[in-house]
Amino acid sequence: MSSFDPSVFALDPAAAAVPTPAELLRRSLAGGRLAHAYLFLGDDAEVLTEAALALASQMNCEAPPERAENGRPLRSCGRCSTCRRIAQRSHPDVVWIRPQNKMRQIDVDQAREVIHQLSMKATEAPHKVAVFVGADRLNTAAANAFLKTLEEPPAGSIILLLSTEPDRLLETILSRCQRLNFGTGARLKLAPGVTAWLRDFARQAARPGAGLLPRYQLLSTLLVALAALREELETSLAAASPLEKYPDASPEQKERWEDELKAAVESEYRLRRGEYLIGLQAWLRDVWLASLGQPGDLANFPDFAADTTTVGQRRPPQEAAENLEIWERTQRLLFSNVQEGLALEVGLLKLRL
């Protein structure tokens, strides 16, 4: 078992203009702006584990060798009892969850055990940390059981999901986490239509202007895209439904098929809608990076970086970071009983672009 290197979160002044994911975490921790849940994604599971170890240690180190002006730790020592036990995966307040059973899944019993552990007061450390190794192996029951805790973890706790295959995660899980890519250049993969919509959205957002009209124009582009998506799904799924093949079926059977068709359309719509929502979140992250100075190799959408930079340079980093939080809340609202159009309107009008 390898030990982690606390210098993972050390600041490299020469690279400050293009912050790494670890540096972004370091700045968030120092500023007291850590999200409640992160998805660490990348090509190497060991790199993701090392990042989780470093963050858990920095949050709980007994003797940080460097602190910010506000007293928050800038890096961990790697030598104190807390740091050593975190590295050995033996600290009681840092919980590790891995795939088990013959199916190599994280099952609902494991999820419930984590929920219970997070609900308990920390034994020793200031913060509790739950680390899901291979989070893409969460089965549906486990993921659904964990949603409420993922959305609102107990005070003083943070949840880290590690995955080399994030496409296998449910959209309801993805929408509740901030993503950080520790990979070797792999970028978020979206359907061509979603990327084209984002390109147009960025172009419109980069235009000069003030007031509500430009915001409502951006909202309109999203609502039009989603309406076209729903219409496409209704048409394609209806064509494949037994309703088209068996017009002489009994009324009871037709009613059952109609209910199944509606459920299928809604399920597929939510899944495909998630690409637009997550895509916009990824672009807002690019805007945040641009507000810090330069998106560089961390940008998800380099093809329209000029428009992204225009938007990012209009806002200070704090406001750009708040955009990510606003859009996270909007995505969570969309999984409640709130009306879709209203949630999107409120969310988009709150964004500082």
# chains A, B, ... in the order shown; residues from 1 in each chain; ligands from 1
>>> residues_around(residues="Arg272 in chain A", least_positions_apart="2", cutoff="12 Å", atoms="only C-alpha atoms", output="PDB file with C-alpha atoms, in the first residue's frame")
ATOM      1  CA  LEU A 170     -26.452   7.826 -12.863  1.00  0.00           C
ATOM      2  CA  GLU A 171     -27.256  11.372 -13.906  1.00  0.00           C
ATOM      3  CA  THR A 172     -28.827  11.957 -10.484  1.00  0.00           C
ATOM      4  CA  LEU A 190     -21.170  15.089 -25.025  1.00  0.00           C
ATOM      5  CA  ALA A 191     -23.465  14.386 -27.936  1.00  0.00           C
ATOM      6  CA  GLY A 193     -25.989  18.365 -30.671  1.00  0.00           C
ATOM      7  CA  VAL A 194     -25.329  19.296 -27.051  1.00  0.00           C
ATOM      8  CA  ALA A 225     -33.399  22.645 -27.316  1.00  0.00           C
ATOM      9  CA  LEU A 226     -35.162  20.656 -24.579  1.00  0.00           C
ATOM     10  CA  ALA A 227     -38.548  20.926 -26.295  1.00  0.00           C
ATOM     11  CA  ALA A 228     -37.014  19.579 -29.514  1.00  0.00           C
ATOM     12  CA  LEU A 229     -35.397  16.767 -27.528  1.00  0.00           C
ATOM     13  CA  ARG A 230     -38.698  15.725 -25.938  1.00  0.00           C
ATOM     14  CA  GLU A 232     -37.789  13.677 -30.864  1.00  0.00           C
ATOM     15  CA  LEU A 233     -38.065  11.097 -28.077  1.00  0.00           C
ATOM     16  CA  VAL A 265     -40.205   8.979 -22.692  1.00  0.00           C
ATOM     17  CA  GLU A 266     -39.826  10.660 -19.309  1.00  0.00           C
ATOM     18  CA  SER A 267     -36.948   8.422 -18.261  1.00  0.00           C
ATOM     19  CA  GLU A 268     -35.037   8.896 -21.512  1.00  0.00           C
ATOM     20  CA  TYR A 269     -35.797  12.623 -21.531  1.00  0.00           C
ATOM     21  CA  ARG A 270     -34.332  13.096 -18.055  1.00  0.00           C
ATOM     22  CA  GLY A 274     -28.826  15.700 -18.091  1.00  0.00           C
ATOM     23  CA  GLU A 275     -26.297  16.099 -20.905  1.00  0.00           C
ATOM     24  CA  TYR A 276     -27.397  19.699 -21.412  1.00  0.00           C
ATOM     25  CA  LEU A 277     -27.347  20.438 -17.687  1.00  0.00           C
ATOM     26  CA  ILE A 278     -23.965  18.808 -17.059  1.00  0.00           C
ATOM     27  CA  GLY A 279     -22.571  20.330 -20.248  1.00  0.00           C
TER      28      GLY A 279
END
>>> residues_around(residues="Lys121 in chain A", least_positions_apart="3", cutoff="12 Å", atoms="only C-alpha atoms", output="PyMOL selection string")
chain A and resi 92-93+116-118+124-129+154-157
>>> write_last_selection(atoms="C-alpha atoms", output="short mmCIF file (atom, residue, chain, number, x, y, z; two decimals), in the first residue's frame")
data_model
loop_
_atom_site.label_atom_id
_atom_site.label_comp_id
_atom_site.auth_asym_id
_atom_site.auth_seq_id
_atom_site.Cartn_x
_atom_site.Cartn_y
_atom_site.Cartn_z
CA PRO A 92 -12.09 6.27 11.92
CA ASP A 93 -13.33 9.54 10.40
CA HIS A 116 -25.12 5.84 9.24
CA GLN A 117 -21.42 6.56 9.71
CA LEU A 118 -21.71 10.08 8.30
CA GLU A 124 -11.32 12.61 16.43
CA ALA A 125 -10.89 14.74 13.32
CA PRO A 126 -12.52 18.10 12.51
CA HIS A 127 -14.08 16.68 9.33
CA LYS A 128 -15.52 13.36 8.24
CA VAL A 129 -14.71 12.18 4.72
CA PRO A 154 -24.19 16.17 7.54
CA ALA A 155 -22.35 19.29 8.68
CA GLY A 156 -18.59 18.89 8.76
CA SER A 157 -18.50 16.08 6.21
#
>>> select_by_dssp(residues="range 63-172 of chain A", states="helix (DSSP H, G or I)", output="MDAnalysis selection string")
chainID A and resid 81:87 108:119 135:137 140:151 166:168 171:172
>>> residues_around(residues="range 69-75 of chain A", least_positions_apart="5", cutoff="6 Å", atoms="only C-alpha atoms", output="ChimeraX atom specification")
/A:30,58,64
>>> closest_residue(among="A:Gln110, A:Ser57, A:Thr123, A:Gln105", to="Ile86 in chain A", atoms="only C-alpha atoms")
A:Ser57
>>> closest_residue(among="A:Arg79, A:Lys350, A:Arg179, A:Arg273", to="Tyr216 in chain A", atoms="only C-alpha atoms")
A:Lys350
>>> atom_distance(atom1="CA of Asn60 in chain A", atom2="CA of Glu152 in chain A")
20.8 Å
>>> closest_residue(among="A:Ala205, A:Glu340, A:Arg67, A:Thr330", to="Arg314 in chain A", atoms="only C-alpha atoms")
A:Ala205
>>> closest_residue(among="A:Leu344, A:Ala206, A:Leu180, A:Ala290", to="Leu222 in chain A", atoms="only C-alpha atoms")
A:Leu344
>>> closest_residue(among="A:Gln178, A:Asn139, A:Thr149, A:Asn300", to="Leu25 in chain A", atoms="only C-alpha atoms")
A:Gln178
>>> closest_residue(among="A:Ala299, A:Leu160, A:Val131, A:Ala306", to="Trp96 in chain A", atoms="only C-alpha atoms")
A:Val131
>>> residues_around(residues="Trp257 in chain A", least_positions_apart="3", cutoff="8 Å", atoms="only C-alpha atoms", output="JSON, numbers by chain")
{"A": [241, 242, 243, 253, 254, 260, 261]}
>>> write_last_selection(atoms="N, CA and C atoms", output="PDB file, in the first residue's frame")
ATOM      1  N   SER A 241     -43.143   1.513 -30.101  1.00  0.00           N
ATOM      2  CA  SER A 241     -44.081   0.991 -29.112  1.00  0.00           C
ATOM      3  C   SER A 241     -45.025  -0.048 -29.719  1.00  0.00           C
ATOM      4  N   PRO A 242     -45.495  -1.017 -28.935  1.00  0.00           N
ATOM      5  CA  PRO A 242     -46.496  -1.984 -29.420  1.00  0.00           C
ATOM      6  C   PRO A 242     -47.791  -1.320 -29.864  1.00  0.00           C
ATOM      7  N   LEU A 243     -48.029  -0.093 -29.423  1.00  0.00           N
ATOM      8  CA  LEU A 243     -49.239   0.610 -29.839  1.00  0.00           C
ATOM      9  C   LEU A 243     -49.320   0.757 -31.350  1.00  0.00           C
ATOM     10  N   GLN A 253     -55.056  -3.249 -22.607  1.00  0.00           N
ATOM     11  CA  GLN A 253     -53.665  -3.426 -23.026  1.00  0.00           C
ATOM     12  C   GLN A 253     -53.105  -2.134 -23.608  1.00  0.00           C
ATOM     13  N   LYS A 254     -53.908  -1.413 -24.384  1.00  0.00           N
ATOM     14  CA  LYS A 254     -53.459  -0.141 -24.949  1.00  0.00           C
ATOM     15  C   LYS A 254     -53.146   0.872 -23.852  1.00  0.00           C
ATOM     16  N   GLU A 260     -46.642   2.796 -20.201  1.00  0.00           N
ATOM     17  CA  GLU A 260     -45.245   2.397 -20.357  1.00  0.00           C
ATOM     18  C   GLU A 260     -44.504   3.354 -21.284  1.00  0.00           C
ATOM     19  N   LEU A 261     -45.187   3.806 -22.342  1.00  0.00           N
ATOM     20  CA  LEU A 261     -44.566   4.736 -23.279  1.00  0.00           C
ATOM     21  C   LEU A 261     -44.267   6.070 -22.601  1.00  0.00           C
TER      22      LEU A 261
END
>>> atom_distance(atom1="CA of Val311 in chain A", atom2="CA of Trp288 in chain A")
9.2 Å
>>> select_by_dssp(residues="range 142-312 of chain A", states="strand (DSSP E)", output="PyMOL selection string")
chain A and resi 157-163+178-181
>>> write_last_selection(atoms="N, CA and C atoms", output="mmCIF file, in the first residue's frame")
data_model
loop_
_atom_site.group_PDB
_atom_site.id
_atom_site.type_symbol
_atom_site.label_atom_id
_atom_site.label_comp_id
_atom_site.auth_asym_id
_atom_site.auth_seq_id
_atom_site.Cartn_x
_atom_site.Cartn_y
_atom_site.Cartn_z
ATOM 1 N N SER A 157 -18.891 17.255 6.995
ATOM 2 C CA SER A 157 -18.496 16.081 6.213
ATOM 3 C C SER A 157 -18.417 16.431 4.739
ATOM 4 N N ILE A 158 -17.660 15.640 4.010
ATOM 5 C CA ILE A 158 -17.513 15.811 2.569
ATOM 6 C C ILE A 158 -17.465 14.435 1.926
ATOM 7 N N ILE A 159 -18.001 14.333 0.716
ATOM 8 C CA ILE A 159 -18.079 13.057 0.014
ATOM 9 C C ILE A 159 -17.253 13.145 -1.270
ATOM 10 N N LEU A 160 -16.408 12.152 -1.490
ATOM 11 C CA LEU A 160 -15.555 12.101 -2.676
ATOM 12 C C LEU A 160 -15.887 10.838 -3.464
ATOM 13 N N LEU A 161 -16.263 11.006 -4.720
ATOM 14 C CA LEU A 161 -16.507 9.878 -5.611
ATOM 15 C C LEU A 161 -15.340 9.788 -6.590
ATOM 16 N N LEU A 162 -14.733 8.623 -6.683
ATOM 17 C CA LEU A 162 -13.603 8.423 -7.583
ATOM 18 C C LEU A 162 -14.038 7.496 -8.714
ATOM 19 N N SER A 163 -13.769 7.894 -9.949
ATOM 20 C CA SER A 163 -14.214 7.058 -11.066
ATOM 21 C C SER A 163 -13.340 7.241 -12.291
ATOM 22 N N GLN A 178 -19.466 18.289 -7.874
ATOM 23 C CA GLN A 178 -18.565 19.095 -8.692
ATOM 24 C C GLN A 178 -17.500 18.161 -9.262
ATOM 25 N N ARG A 179 -17.228 18.304 -10.551
ATOM 26 C CA ARG A 179 -16.268 17.421 -11.219
ATOM 27 C C ARG A 179 -14.878 18.037 -11.245
ATOM 28 N N LEU A 180 -13.895 17.199 -11.016
ATOM 29 C CA LEU A 180 -12.495 17.598 -11.210
ATOM 30 C C LEU A 180 -11.806 16.479 -11.982
ATOM 31 N N ASN A 181 -11.195 16.850 -13.101
ATOM 32 C CA ASN A 181 -10.584 15.869 -13.982
ATOM 33 C C ASN A 181 -9.085 15.768 -13.697
#
>>> atom_distance(atom1="CA of Pro153 in chain A", atom2="CA of Ala35 in chain A")
10.5 Å
